[in-house]
Structures are given as structure tokens and as C-alpha cells.
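Enquirer: structure.txt is reproduced in full below (compact mmCIF, C-alpha atoms).
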```txt
# COMPACT_ATOMS: atom_id res chain seq x y z
CA MET A 1 130.03 124.29 74.66
CA ALA A 2 129.35 120.62 75.39
CA GLN A 3 131.79 118.00 74.27
CA ALA A 4 129.06 116.20 72.29
CA THR A 5 128.63 119.22 69.97
CA VAL A 6 129.54 117.08 66.95
CA THR A 7 129.70 113.28 66.92
CA LEU A 8 130.71 110.53 64.53
CA ALA A 9 127.00 109.84 63.96
CA ASP A 10 126.48 113.50 62.96
CA ILE A 11 129.31 113.25 60.45
CA GLN A 12 128.13 109.95 59.01
CA ALA A 13 124.64 111.42 58.63
CA ALA A 14 126.13 114.46 56.92
CA ALA A 15 127.98 112.17 54.49
CA GLN A 16 124.71 110.52 53.46
CA ARG A 17 123.00 113.91 53.25
CA ILE A 18 125.52 115.52 50.89
CA GLU A 19 126.35 112.41 48.86
CA GLY A 20 126.14 113.06 45.14
CA ALA A 21 126.00 116.85 45.55
CA VAL A 22 129.69 117.26 46.36
CA VAL A 23 132.62 115.58 44.64
CA ARG A 24 134.01 112.49 46.34
CA THR A 25 137.58 113.59 45.81
CA PRO A 26 140.42 111.05 45.54
CA THR A 27 142.98 110.20 48.21
CA THR A 28 146.20 109.05 46.56
CA LEU A 29 149.71 108.05 47.59
CA SER A 30 152.43 110.45 46.45
CA ARG A 31 155.61 108.46 45.97
CA THR A 32 157.71 111.51 45.11
CA LEU A 33 156.57 113.59 48.08
CA SER A 34 157.07 110.55 50.30
CA GLU A 35 160.69 110.29 49.18
CA LEU A 36 161.15 114.02 49.64
CA THR A 37 159.71 114.25 53.17
CA GLY A 38 160.62 110.87 54.68
CA ALA A 39 156.96 110.11 55.46
CA THR A 40 154.46 108.05 53.47
CA VAL A 41 152.29 110.86 52.12
CA TYR A 42 148.65 110.53 51.09
CA LEU A 43 146.98 113.54 49.50
CA LYS A 44 143.25 114.32 49.62
CA PHE A 45 142.42 116.58 46.66
CA GLU A 46 139.63 118.84 47.95
CA ASN A 47 140.75 121.42 45.38
CA LEU A 48 138.80 119.28 42.87
CA GLN A 49 135.42 120.34 44.30
CA PHE A 50 133.28 122.43 41.93
CA THR A 51 134.15 125.61 43.83
CA ALA A 52 137.71 124.28 44.36
CA ALA A 53 137.50 123.91 48.15
CA TYR A 54 136.21 121.63 50.92
CA LYS A 55 133.97 124.40 52.31
CA GLU A 56 131.09 123.14 50.17
CA ARG A 57 130.63 120.16 52.50
CA GLY A 58 129.79 122.09 55.65
CA ALA A 59 127.77 124.73 53.82
CA LEU A 60 125.60 122.13 52.09
CA ASN A 61 125.05 120.15 55.28
CA LYS A 62 123.90 123.32 57.02
CA LEU A 63 121.51 124.24 54.19
CA LEU A 64 119.97 120.78 54.04
CA LEU A 65 119.24 120.82 57.78
CA MET A 66 117.34 124.11 57.60
CA SER A 67 113.54 124.18 57.78
CA ASP A 68 111.51 125.22 54.73
CA GLU A 69 110.57 128.42 56.50
CA LYS A 70 114.18 129.40 57.18
CA ARG A 71 115.16 128.49 53.61
CA SER A 72 112.46 130.77 52.23
CA HIS A 73 113.88 133.76 54.12
CA GLY A 74 117.42 133.07 52.95
CA VAL A 75 120.93 132.82 54.36
CA ILE A 76 123.76 135.25 54.93
CA ALA A 77 127.49 134.87 55.57
CA ALA A 78 130.58 137.01 55.95
CA SER A 79 133.43 135.72 53.84
CA ALA A 80 135.99 136.87 51.32
CA GLY A 81 136.85 133.39 50.14
CA ASN A 82 135.88 129.75 49.83
CA HIS A 83 133.03 129.76 52.37
CA ALA A 84 131.28 132.45 50.33
CA GLN A 85 131.52 130.50 47.09
CA GLY A 86 130.55 127.14 48.61
CA LEU A 87 127.50 128.59 50.33
CA ALA A 88 126.45 130.65 47.30
CA TYR A 89 126.76 127.69 44.92
CA HIS A 90 124.69 125.25 46.95
CA ALA A 91 122.14 127.87 48.00
CA LYS A 92 121.49 128.59 44.32
CA ARG A 93 121.15 124.84 43.60
CA LEU A 94 118.55 124.55 46.37
CA GLY A 95 116.70 127.75 45.49
CA ILE A 96 117.70 129.52 48.72
CA PRO A 97 118.41 133.28 48.53
CA ALA A 98 121.98 133.98 49.66
CA THR A 99 123.67 137.20 50.73
CA ILE A 100 127.43 137.42 51.24
CA VAL A 101 129.04 140.38 53.04
CA MET A 102 132.60 141.05 51.94
CA PRO A 103 135.08 143.77 52.95
CA HIS A 104 135.84 146.44 50.32
CA SER A 105 139.39 145.05 50.08
CA THR A 106 138.15 141.76 48.58
CA PRO A 107 139.71 141.16 45.12
CA MET A 108 137.15 141.84 42.40
CA ILE A 109 137.60 138.35 40.93
CA LYS A 110 136.26 136.84 44.20
CA VAL A 111 133.32 139.23 44.21
CA MET A 112 132.53 138.27 40.61
CA GLN A 113 132.86 134.53 41.29
CA THR A 114 130.52 134.76 44.28
CA GLU A 115 127.98 136.76 42.29
CA GLY A 116 128.37 134.21 39.50
CA HIS A 117 127.12 131.55 41.91
CA GLY A 118 123.93 133.54 42.36
CA ALA A 119 124.59 135.34 45.64
CA SER A 120 123.88 138.97 46.39
CA VAL A 121 127.18 140.56 47.48
CA VAL A 122 127.28 143.43 49.98
CA LEU A 123 130.61 145.23 50.33
CA HIS A 124 131.10 146.68 53.80
CA GLY A 125 134.12 147.80 55.83
CA GLU A 126 137.82 147.49 55.17
CA MET A 127 138.49 144.45 57.36
CA PHE A 128 136.76 141.09 57.77
CA ASP A 129 135.69 141.90 61.33
CA GLU A 130 133.64 144.85 60.04
CA ALA A 131 132.02 142.71 57.34
CA TYR A 132 131.25 140.01 59.93
CA ALA A 133 129.57 142.47 62.30
CA HIS A 134 127.53 143.92 59.43
CA ALA A 135 126.41 140.44 58.33
CA LEU A 136 125.12 139.69 61.83
CA GLN A 137 123.26 143.01 61.82
CA LEU A 138 121.67 142.29 58.42
CA ALA A 139 120.70 138.78 59.54
CA GLU A 140 118.75 140.21 62.45
CA GLN A 141 117.17 143.00 60.40
CA ARG A 142 116.09 140.80 57.50
CA GLY A 143 115.33 137.55 59.32
CA LEU A 144 118.13 135.67 57.54
CA THR A 145 119.95 132.60 58.85
CA PHE A 146 123.60 133.42 59.52
CA VAL A 147 125.92 130.63 58.35
CA HIS A 148 129.16 130.74 60.32
CA PRO A 149 132.27 129.60 58.42
CA PHE A 150 133.49 127.28 61.19
CA ASP A 151 131.98 127.73 64.67
CA ASP A 152 128.84 125.67 64.05
CA PRO A 153 128.40 121.92 64.77
CA GLU A 154 126.50 121.39 61.49
CA ILE A 155 129.36 123.01 59.56
CA MET A 156 131.91 120.88 61.47
CA ALA A 157 129.93 117.73 60.70
CA GLY A 158 130.00 118.48 56.99
CA GLN A 159 133.73 119.14 57.02
CA GLY A 160 134.30 115.92 58.96
CA THR A 161 133.18 113.90 55.95
CA VAL A 162 136.65 114.55 54.49
CA ALA A 163 138.13 112.22 57.13
CA LEU A 164 135.53 109.50 56.51
CA GLU A 165 136.57 109.34 52.85
CA MET A 166 140.29 109.46 53.60
CA LEU A 167 140.17 106.59 56.08
CA GLU A 168 138.01 104.56 53.73
CA ASP A 169 140.48 105.04 50.87
CA ALA A 170 143.69 104.72 52.93
CA PRO A 171 142.89 103.00 56.25
CA GLU A 172 146.59 102.44 56.90
CA MET A 173 147.15 106.14 57.70
CA ASP A 174 148.38 106.70 61.27
CA ALA A 175 148.51 110.52 61.25
CA LEU A 176 146.56 113.43 59.76
CA VAL A 177 147.94 116.93 59.21
CA VAL A 178 145.12 119.46 58.90
CA PRO A 179 145.33 123.25 58.40
CA ILE A 180 143.68 125.39 61.10
CA GLY A 181 142.09 128.77 60.54
CA GLY A 182 138.94 128.97 62.65
CA GLY A 183 139.17 125.23 63.30
CA GLY A 184 136.02 123.85 61.63
CA LEU A 185 137.83 121.38 59.37
CA ILE A 186 140.10 119.86 62.00
CA SER A 187 137.22 119.71 64.52
CA GLY A 188 135.08 117.68 62.14
CA MET A 189 137.91 115.56 60.77
CA GLY A 190 139.37 114.96 64.21
CA THR A 191 136.03 113.85 65.64
CA ALA A 192 135.58 111.32 62.82
CA ALA A 193 139.17 110.09 62.73
CA LYS A 194 139.58 109.61 66.49
CA ALA A 195 136.26 107.77 66.69
CA LEU A 196 137.07 105.41 63.83
CA LYS A 197 140.77 104.98 64.62
CA PRO A 198 141.54 106.08 68.22
CA GLY A 199 145.29 105.64 67.82
CA ILE A 200 145.59 108.03 64.88
CA GLU A 201 147.63 111.17 65.56
CA LEU A 202 146.01 114.50 64.76
CA ILE A 203 148.34 117.40 63.93
CA GLY A 204 147.08 120.93 63.36
CA ALA A 205 149.00 123.33 61.12
CA GLN A 206 148.94 127.12 61.19
CA ALA A 207 150.79 129.85 59.31
CA GLU A 208 153.40 131.51 61.55
CA LEU A 209 151.85 134.90 60.83
CA TYR A 210 148.43 133.82 62.19
CA PRO A 211 148.99 131.44 65.14
CA SER A 212 145.72 132.32 66.87
CA MET A 213 144.55 128.78 67.75
CA TYR A 214 148.12 127.75 68.64
CA CYS A 215 148.27 130.62 71.13
CA LYS A 216 144.86 129.82 72.56
CA ILE A 217 145.86 126.19 73.15
CA THR A 218 149.42 126.82 74.42
CA GLY A 219 148.85 130.10 76.26
CA LYS A 220 151.66 131.78 74.32
CA GLN A 221 151.39 135.39 73.21
CA LEU A 222 152.20 135.83 69.52
CA PRO A 223 150.80 138.41 67.08
CA SER A 224 148.35 137.43 64.36
CA ALA A 225 149.05 139.89 61.56
CA GLY A 226 150.75 140.23 58.20
CA ASP A 227 150.31 139.36 54.55
CA THR A 228 150.32 135.57 54.50
CA ILE A 229 149.93 133.62 51.28
CA ALA A 230 147.64 131.33 53.33
CA GLU A 231 144.89 133.95 53.63
CA GLY A 232 142.27 131.19 53.83
CA ILE A 233 143.45 130.37 57.38
CA ALA A 234 144.43 133.91 58.43
CA VAL A 235 142.02 134.03 61.36
CA LYS A 236 142.71 136.37 64.27
CA ALA A 237 140.02 135.01 66.60
CA PRO A 238 139.54 131.20 66.54
CA GLY A 239 136.17 129.66 67.25
CA ILE A 240 134.83 129.01 70.74
CA GLY A 241 133.28 125.63 69.93
CA THR A 242 136.16 124.57 67.70
CA HIS A 243 138.66 125.46 70.44
CA GLU A 244 136.97 123.01 72.80
CA VAL A 245 137.12 120.20 70.23
CA ILE A 246 140.73 120.96 69.27
CA GLU A 247 141.87 121.10 72.89
CA ARG A 248 140.33 117.67 73.45
CA LEU A 249 141.37 115.88 70.25
CA VAL A 250 144.39 117.51 68.61
CA ASP A 251 147.77 116.12 69.64
CA GLU A 252 149.85 119.12 68.59
CA ILE A 253 149.67 122.32 66.58
CA LEU A 254 152.73 123.18 64.47
CA LEU A 255 153.57 126.54 62.91
CA VAL A 256 154.80 126.95 59.34
CA PRO A 257 156.79 129.87 57.85
CA GLU A 258 155.79 131.61 54.62
CA ARG A 259 158.79 130.29 52.71
CA ASP A 260 157.77 126.65 53.25
CA ILE A 261 154.15 127.40 52.30
CA GLU A 262 155.39 128.90 49.02
CA THR A 263 157.63 125.88 48.42
CA ALA A 264 154.70 123.52 49.08
CA VAL A 265 152.50 125.34 46.54
CA SER A 266 155.29 124.98 43.98
CA LEU A 267 155.92 121.30 44.78
CA LEU A 268 152.25 120.38 44.46
CA LEU A 269 152.15 121.97 41.02
CA GLN A 270 155.44 120.51 39.84
CA ILE A 271 155.07 117.01 41.30
CA GLU A 272 151.32 116.40 41.54
CA LYS A 273 150.29 118.75 38.68
CA THR A 274 147.66 120.27 40.97
CA VAL A 275 147.01 123.90 41.89
CA ALA A 276 146.81 124.63 45.63
CA GLU A 277 146.14 127.95 47.29
CA GLY A 278 148.40 128.89 50.18
CA ALA A 279 146.10 127.47 52.86
CA GLY A 280 145.69 124.31 50.78
CA ALA A 281 149.45 123.69 50.83
CA VAL A 282 149.99 124.20 54.57
CA GLY A 283 149.70 120.46 55.34
CA LEU A 284 152.58 119.62 53.02
CA ALA A 285 154.50 122.68 54.22
CA THR A 286 154.31 121.26 57.76
CA LEU A 287 156.24 118.18 56.64
CA LEU A 288 158.87 120.45 55.06
CA THR A 289 159.21 122.59 58.20
CA HIS A 290 159.14 119.72 60.72
CA PRO A 291 160.55 116.69 58.82
CA GLU A 292 161.55 114.73 61.94
CA ARG A 293 158.14 115.10 63.57
CA LEU A 294 156.39 112.67 61.19
CA LYS A 295 159.30 110.84 59.59
CA GLY A 296 158.43 107.22 58.82
CA ARG A 297 154.73 107.76 59.49
CA LYS A 298 151.78 107.21 57.12
CA VAL A 299 150.46 110.75 56.88
CA GLY A 300 147.23 112.04 55.35
CA ILE A 301 147.26 115.63 54.06
CA VAL A 302 144.28 117.61 52.77
CA VAL A 303 144.83 119.93 49.81
CA THR A 304 141.99 122.06 51.12
CA GLY A 305 141.54 124.43 48.17
CA GLY A 306 142.88 125.67 44.87
CA ASN A 307 141.60 129.23 44.65
CA ILE A 308 144.81 131.20 44.19
CA ASP A 309 145.23 134.38 42.18
CA THR A 310 147.10 133.51 38.98
CA ARG A 311 149.50 136.44 39.30
CA LEU A 312 150.34 135.41 42.87
CA LEU A 313 150.85 131.82 41.71
CA ALA A 314 153.27 133.02 39.03
CA THR A 315 155.20 135.02 41.64
CA VAL A 316 155.40 132.04 43.98
CA LEU A 317 156.70 129.77 41.22
CA LEU A 318 159.35 132.27 40.11
CA ARG A 319 160.49 132.84 43.69
CA ASP A 320 160.84 129.08 44.14
CA LEU A 321 162.96 128.88 40.99
CA ALA A 322 165.19 131.61 42.42
CA ARG A 323 165.58 129.84 45.77
CA SER A 324 166.48 126.57 44.05
CA GLY A 325 169.17 128.25 41.92
CA ARG A 326 167.38 127.78 38.62
CA MET A 327 166.84 131.54 38.31
CA ALA A 328 169.15 134.27 39.59
CA ARG A 329 169.94 137.95 39.42
CA LEU A 330 173.67 138.68 39.39
CA ARG A 331 174.92 142.22 40.09
CA ILE A 332 178.20 142.74 38.26
CA GLN A 333 180.51 145.78 38.30
CA ILE A 334 181.95 146.72 34.91
CA GLN A 335 183.83 149.60 33.31
CA ASP A 336 181.49 151.85 31.33
CA ARG A 337 183.20 151.43 27.95
CA PRO A 338 182.54 149.66 24.64
CA GLY A 339 182.90 145.88 24.82
CA ALA A 340 182.54 145.65 28.62
CA LEU A 341 179.10 144.06 28.44
CA PHE A 342 180.23 141.59 25.78
CA SER A 343 183.10 140.40 28.00
CA VAL A 344 180.47 139.38 30.56
CA VAL A 345 177.86 137.99 28.18
CA LYS A 346 180.31 135.66 26.42
CA LEU A 347 180.88 133.82 29.71
CA PHE A 348 177.12 133.25 30.03
CA GLU A 349 177.13 131.83 26.49
CA HIS A 350 180.13 129.61 27.28
CA HIS A 351 178.31 128.06 30.27
CA GLY A 352 174.96 127.78 28.53
CA VAL A 353 173.20 130.03 31.06
CA ASN A 354 170.26 131.85 29.49
CA ILE A 355 170.02 135.63 29.96
CA VAL A 356 166.45 136.81 30.58
CA GLU A 357 166.93 140.53 31.32
CA VAL A 358 169.82 143.02 31.57
CA TYR A 359 169.62 146.26 33.60
CA HIS A 360 172.31 148.99 33.48
CA GLN A 361 172.85 151.40 36.37
CA ARG A 362 175.15 154.37 35.90
CA ILE A 363 173.49 157.15 37.91
CA PHE A 364 172.15 155.81 41.21
CA THR A 365 175.37 154.24 42.42
CA ALA A 366 178.39 155.09 44.56
CA LEU A 367 180.76 153.64 41.95
CA PRO A 368 183.27 155.91 40.16
CA ALA A 369 181.79 157.78 37.19
CA LYS A 370 183.70 155.61 34.71
CA ASP A 371 182.17 152.46 36.15
CA ALA A 372 178.67 151.01 36.19
CA PHE A 373 176.97 147.92 37.41
CA ILE A 374 174.62 145.60 35.57
CA ASP A 375 171.96 143.31 36.93
CA ILE A 376 171.56 140.19 34.82
CA GLU A 377 168.54 137.96 35.38
CA CYS A 378 169.33 134.48 34.12
CA GLU A 379 168.18 130.86 34.03
CA ALA A 380 170.37 127.84 34.80
CA ARG A 381 169.79 124.08 34.99
CA ASP A 382 170.39 124.02 38.75
CA ARG A 383 172.46 125.67 41.47
CA GLU A 384 175.67 123.84 40.50
CA HIS A 385 175.31 125.09 36.92
CA LEU A 386 174.93 128.67 38.19
CA ASP A 387 177.80 128.35 40.68
CA ALA A 388 180.16 127.32 37.88
CA LEU A 389 179.35 130.52 35.98
CA VAL A 390 179.80 132.70 39.08
CA GLU A 391 183.16 131.08 39.81
CA GLU A 392 184.47 131.82 36.30
CA LEU A 393 183.21 135.42 36.36
CA ARG A 394 185.19 135.96 39.55
CA ARG A 395 188.27 134.26 38.10
CA GLU A 396 188.06 136.73 35.21
CA GLY A 397 188.25 139.58 37.71
CA PHE A 398 184.62 140.68 37.87
CA ASN A 399 183.29 142.01 41.15
CA LEU A 400 179.80 140.51 41.56
CA HIS A 401 177.30 139.23 44.05
CA PRO A 402 173.92 137.52 43.65
CA VAL A 403 170.81 139.49 44.62
CA GLU A 404 169.40 137.09 47.21
CA ILE A 405 165.76 136.13 47.84
CA HIS A 406 164.85 134.90 51.31
```
Give the structure from the file, written as C-alpha cells.
Expert:
Amino acid sequence: MAQATVTLADIQAAAQRIEGAVVRTPTTLSRTLSELTGATVYLKFENLQFTAAYKERGALNKLLLMSDEKRSHGVIAASAGNHAQGLAYHAKRLGIPATIVMPHSTPMIKVMQTEGHGASVVLHGEMFDEAYAHALQLAEQRGLTFVHPFDDPEIMAGQGTVALEMLEDAPEMDALVVPIGGGGLISGMGTAAKALKPGIELIGAQAELYPSMYCKITGKQLPSAGDTIAEGIAVKAPGIGTHEVIERLVDEILLVPERDIETAVSLLLQIEKTVAEGAGAVGLATLLTHPERLKGRKVGIVVTGGNIDTRLLATVLLRDLARSGRMARLRIQIQDRPGALFSVVKLFEHHGVNIVEVYHQRIFTALPAKDAFIDIECEARDREHLDALVEELRREGFNLHPVEIH
């Protein structure tokens, strides 16, 4: 694929084309996250788009560049996430028939949301690759235009408008950290940013479980598999065109573990009062994982989307509370006799630690028959508050250990 696949002029034209039909989301300085990470952090809130993700930009640019004849036949895509909703929403606005092929494993809420935007949903296969192959087959059979989620210069150009807005709002930025799945966002943003500000550093970020583009660039052999919270960038096969752009423009790709992605989701909610999906928090997670890499720099981060399952969000927040010491489960051995539980509970009351749940175990244990253990889930102010309680329980002779979360 030629190097001139997408240019600054393409991206500037896309910005004019989509103006008014997508939200011009804010780019703001986060003082608290700056103090926390050691970098000056600017956040671009693409989770404030109507469909809660930046994918609208590329999808709309692609639709607006189609001929009337192609529009009349309709478009098709394979997606289980934000690309599906962005394409479906703008296709409906423009009166273009849209078909989205999704694997059978797609959560029903995403199927319903996509149908709610006016698209016809076809469920096919168990994995994305099967849905993708079926979408290509349907496109050929029905004369539909296939809209690729990332490996298309018109899609890249639309996504690149994110960088135009960021550099207009915060021209002092000297680095951008951009999540990579297939690579469409960083290809577009990188093309715009490097053209407007050649000295700016461009850092790609991938989940450790899906380092496909990282491996393609570095030549390393790492598996791309597992249940990542950043499913929006869980791509096993990166784009061909995007790979060329990334190899030319991106300074480095960094990998981020699941724990830091979860922490970033929690921090964005607690500090910025904004909901980010896992992929949308990977930029911030990169600063948590690699604090020295961008320390002292003026860093732009894109909160790429906010479509996270509410139950998963609740789990992430509770796990973060546990890691920070504000929630804990303590396993305590006691004698199975009257008053034993009270002797433990009174120490919780003395320290002002709130008990959430108590679980007794008498049967499935190797303890003597006259003993039992209890698991107590509790809430404390912070880790020091909890440690003081644990220390006194041990002074009183109780055998206990926290049930750790990693």
C-alpha cells in the first residue's frame, strides 16, 4: 500500500465533511491525573459522541464519500462493537440501508443497540473471523459496500480528525498516546499530528493479551488470546494498510496489563466522572504501566469510547476498591462455639470497619471438627485503616489471612 494512502489534506477534508454531524468533543487538562502520573495529561473525551465512541467519524466520512448508486444498494460491516453502532447510526441518518454481521456470542444489549440505530443484524458464527468472512460473502452476493472497521484510507481520514481537534485545543502537547486494535485511529491521528507538528511523539498502546500490531512491528512472537477488558482493541490480525502507516510514523508501541486497564477505568470514573470502556482507558493505563516513559511530558490521551457493560463496570470498580485496601475479605479461624463470632465482630466495631458479608465454613475444611473458619467481607477507609484491624486480630490470637486479589 502506498505511503500516500491518507494525507493531512484528506483528514482536513474529512473534518469539513463531518462537521456538525459528530460531536466536537472537548480536550481538557486533568490536574489530578497529571499529579498522579508525573506527566501533564490532556484528555480527549470521545466517549461523549452520540454512540459513545470515536468510530462515528470514520464511518460517516466513508458514507459521505459514497456515490448515490452505492448508497442506494446499502452498506455492510462485521462488528460486535462501536464500529457497528457508528455505521448504523449515520447510515440511518443518511437514509442508507445498513447490515451488520455479528457473531452469535455478541451480548444481546449490543445487538439491540445496533438494531435500535436502524441496522439489520445478521448473527453468524461463534468468532469475529467467521462473521467477517460472512459479511464479505453477503456484500458480494447483494451488491453491498463493505465498510472495513480500520483498514480503509477513508476510515483512517475520519479518525484522524480527532488529532486535528486535540492540537487545536492544546497545541502545547508534545506526545500522543493512542490505543491500537486494527490501527485505524492511530494511523489517522498520527498522519495529522506528524504533519502539523513533526516533533510530536506518537506512542501506540496495546493490551498485553492482544499484542498483534506490536508483534508485527517488532517481529516478536506473542499470543493474541484471552478475555481482555479492552475487547474493543482485541484484534488478532492487524490491518495491512494501517501497519504501513504505523511502521512509518509511530515511535513506539507499549503493552499494558489487564490490572492497569482496570485501574484506569476506575480512575477515570472517580477523578474525571466519566465512563470509559476498557479500550477507552488504555491510553491512561499506559502512563500507569510505564510512568518513566512520558514523565514530564505534555501528553494527549484519547478516551476512545464509553460502551462498557454495567455489570462489568461494577466488577471493575469493586476489584479496584479491593486492591486499594478499601474493601477486603479476611479469612479467620475460630472455635465453633457460642460467642466466638462476637469476639471477632467486636474488634471490627472498635476499629470502625464496616462488615458487608459473613460466610461460615464448617464442612469443606481441613480444620478440626470443633473449629471453623469465617470469611468476612468488609469496608475500610484505606489500607492503613484495614492493617490496624488485622494487627489487633492477630494480637488477640486469631489465625487469619486476607483473601488476595491480583
Enquirer: Hey, can you check how far CA of Met102 in chain A sits from CA of Pro238 in chain A?
Expert: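 Pair CA of Met102 in chain A / CA of Pro238 in chain A returns 18.9 Å.
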Enquirer: Of the candidates A:Ala80, A:Leu63, A:Ile217, A:Ala281, which shows the shortest atom-to-atom distance to Pro107 in chain A, using all atoms listed in the file?
Expert: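 Looking only at the distances to Pro107 in chain A, the closest residue turns out to be A:Ala80.
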Enquirer: Quote the spacing between CA of Pro26 in chain A and CA of Phe45 in chain A in Å to one decimal place.
Expert: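 Atom-to-atom, CA of Pro26 in chain A and CA of Phe45 in chain A are spaced 6.0 Å apart.
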Enquirer: Would you work out the distance separating CA of Lys236 in chain A from CA of Ala131 in chain A, expressed in Å to one decimal?
Expert: 14.2 Å
Enquirer: Which residues are close to Asp174 in chain A, i.e. within 9 Å by only C-alpha atoms, leaving aside same-chain residues fewer than 3 positions away? Reply as a ChimeraX atom specification.
Expert: /A:171,197,199-202,297-300
Enquirer: Of the candidates A:Phe342, A:Tyr54, A:Tyr210, A:Tyr89, which shows the shortest atom-to-atom distance to Met156 in chain A, using all atoms listed in the file?
Expert: A:Tyr54
Enquirer: Taking only C-alpha atoms, show range 34-57 of chain A of the given structure as a PDB file, in the first residue's frame.
Expert:
```
ATOM      1  CA  SER A  34      -1.155  14.847  35.932  1.00  0.00           C
ATOM      2  CA  GLU A  35      -0.109  14.757  39.589  1.00  0.00           C
ATOM      3  CA  LEU A  36      -0.716  11.023  39.722  1.00  0.00           C
ATOM      4  CA  THR A  37       1.281  10.106  36.599  1.00  0.00           C
ATOM      5  CA  GLY A  38       4.046  12.729  36.561  1.00  0.00           C
ATOM      6  CA  ALA A  39       3.046  13.882  33.060  1.00  0.00           C
ATOM      7  CA  THR A  40       0.854  16.818  32.035  1.00  0.00           C
ATOM      8  CA  VAL A  41      -2.247  14.909  30.930  1.00  0.00           C
ATOM      9  CA  TYR A  42      -4.807  16.143  28.424  1.00  0.00           C
ATOM     10  CA  LEU A  43      -7.908  14.018  27.870  1.00  0.00           C
ATOM     11  CA  LYS A  44      -9.971  13.913  24.663  1.00  0.00           C
ATOM     12  CA  PHE A  45     -13.483  12.726  25.562  1.00  0.00           C
ATOM     13  CA  GLU A  46     -14.614  10.720  22.518  1.00  0.00           C
ATOM     14  CA  ASN A  47     -16.927   8.784  24.836  1.00  0.00           C
ATOM     15  CA  LEU A  48     -19.222  11.831  24.556  1.00  0.00           C
ATOM     16  CA  GLN A  49     -20.150  11.038  20.939  1.00  0.00           C
ATOM     17  CA  PHE A  50     -23.811  10.085  20.417  1.00  0.00           C
ATOM     18  CA  THR A  51     -22.885   6.404  20.111  1.00  0.00           C
ATOM     19  CA  ALA A  52     -20.211   6.894  22.822  1.00  0.00           C
ATOM     20  CA  ALA A  53     -17.180   6.245  20.597  1.00  0.00           C
ATOM     21  CA  TYR A  54     -14.900   7.885  18.023  1.00  0.00           C
ATOM     22  CA  LYS A  55     -15.831   5.275  15.381  1.00  0.00           C
ATOM     23  CA  GLU A  56     -18.593   7.562  14.111  1.00  0.00           C
ATOM     24  CA  ARG A  57     -16.011   9.826  12.477  1.00  0.00           C
TER      25      ARG A  57
END
```
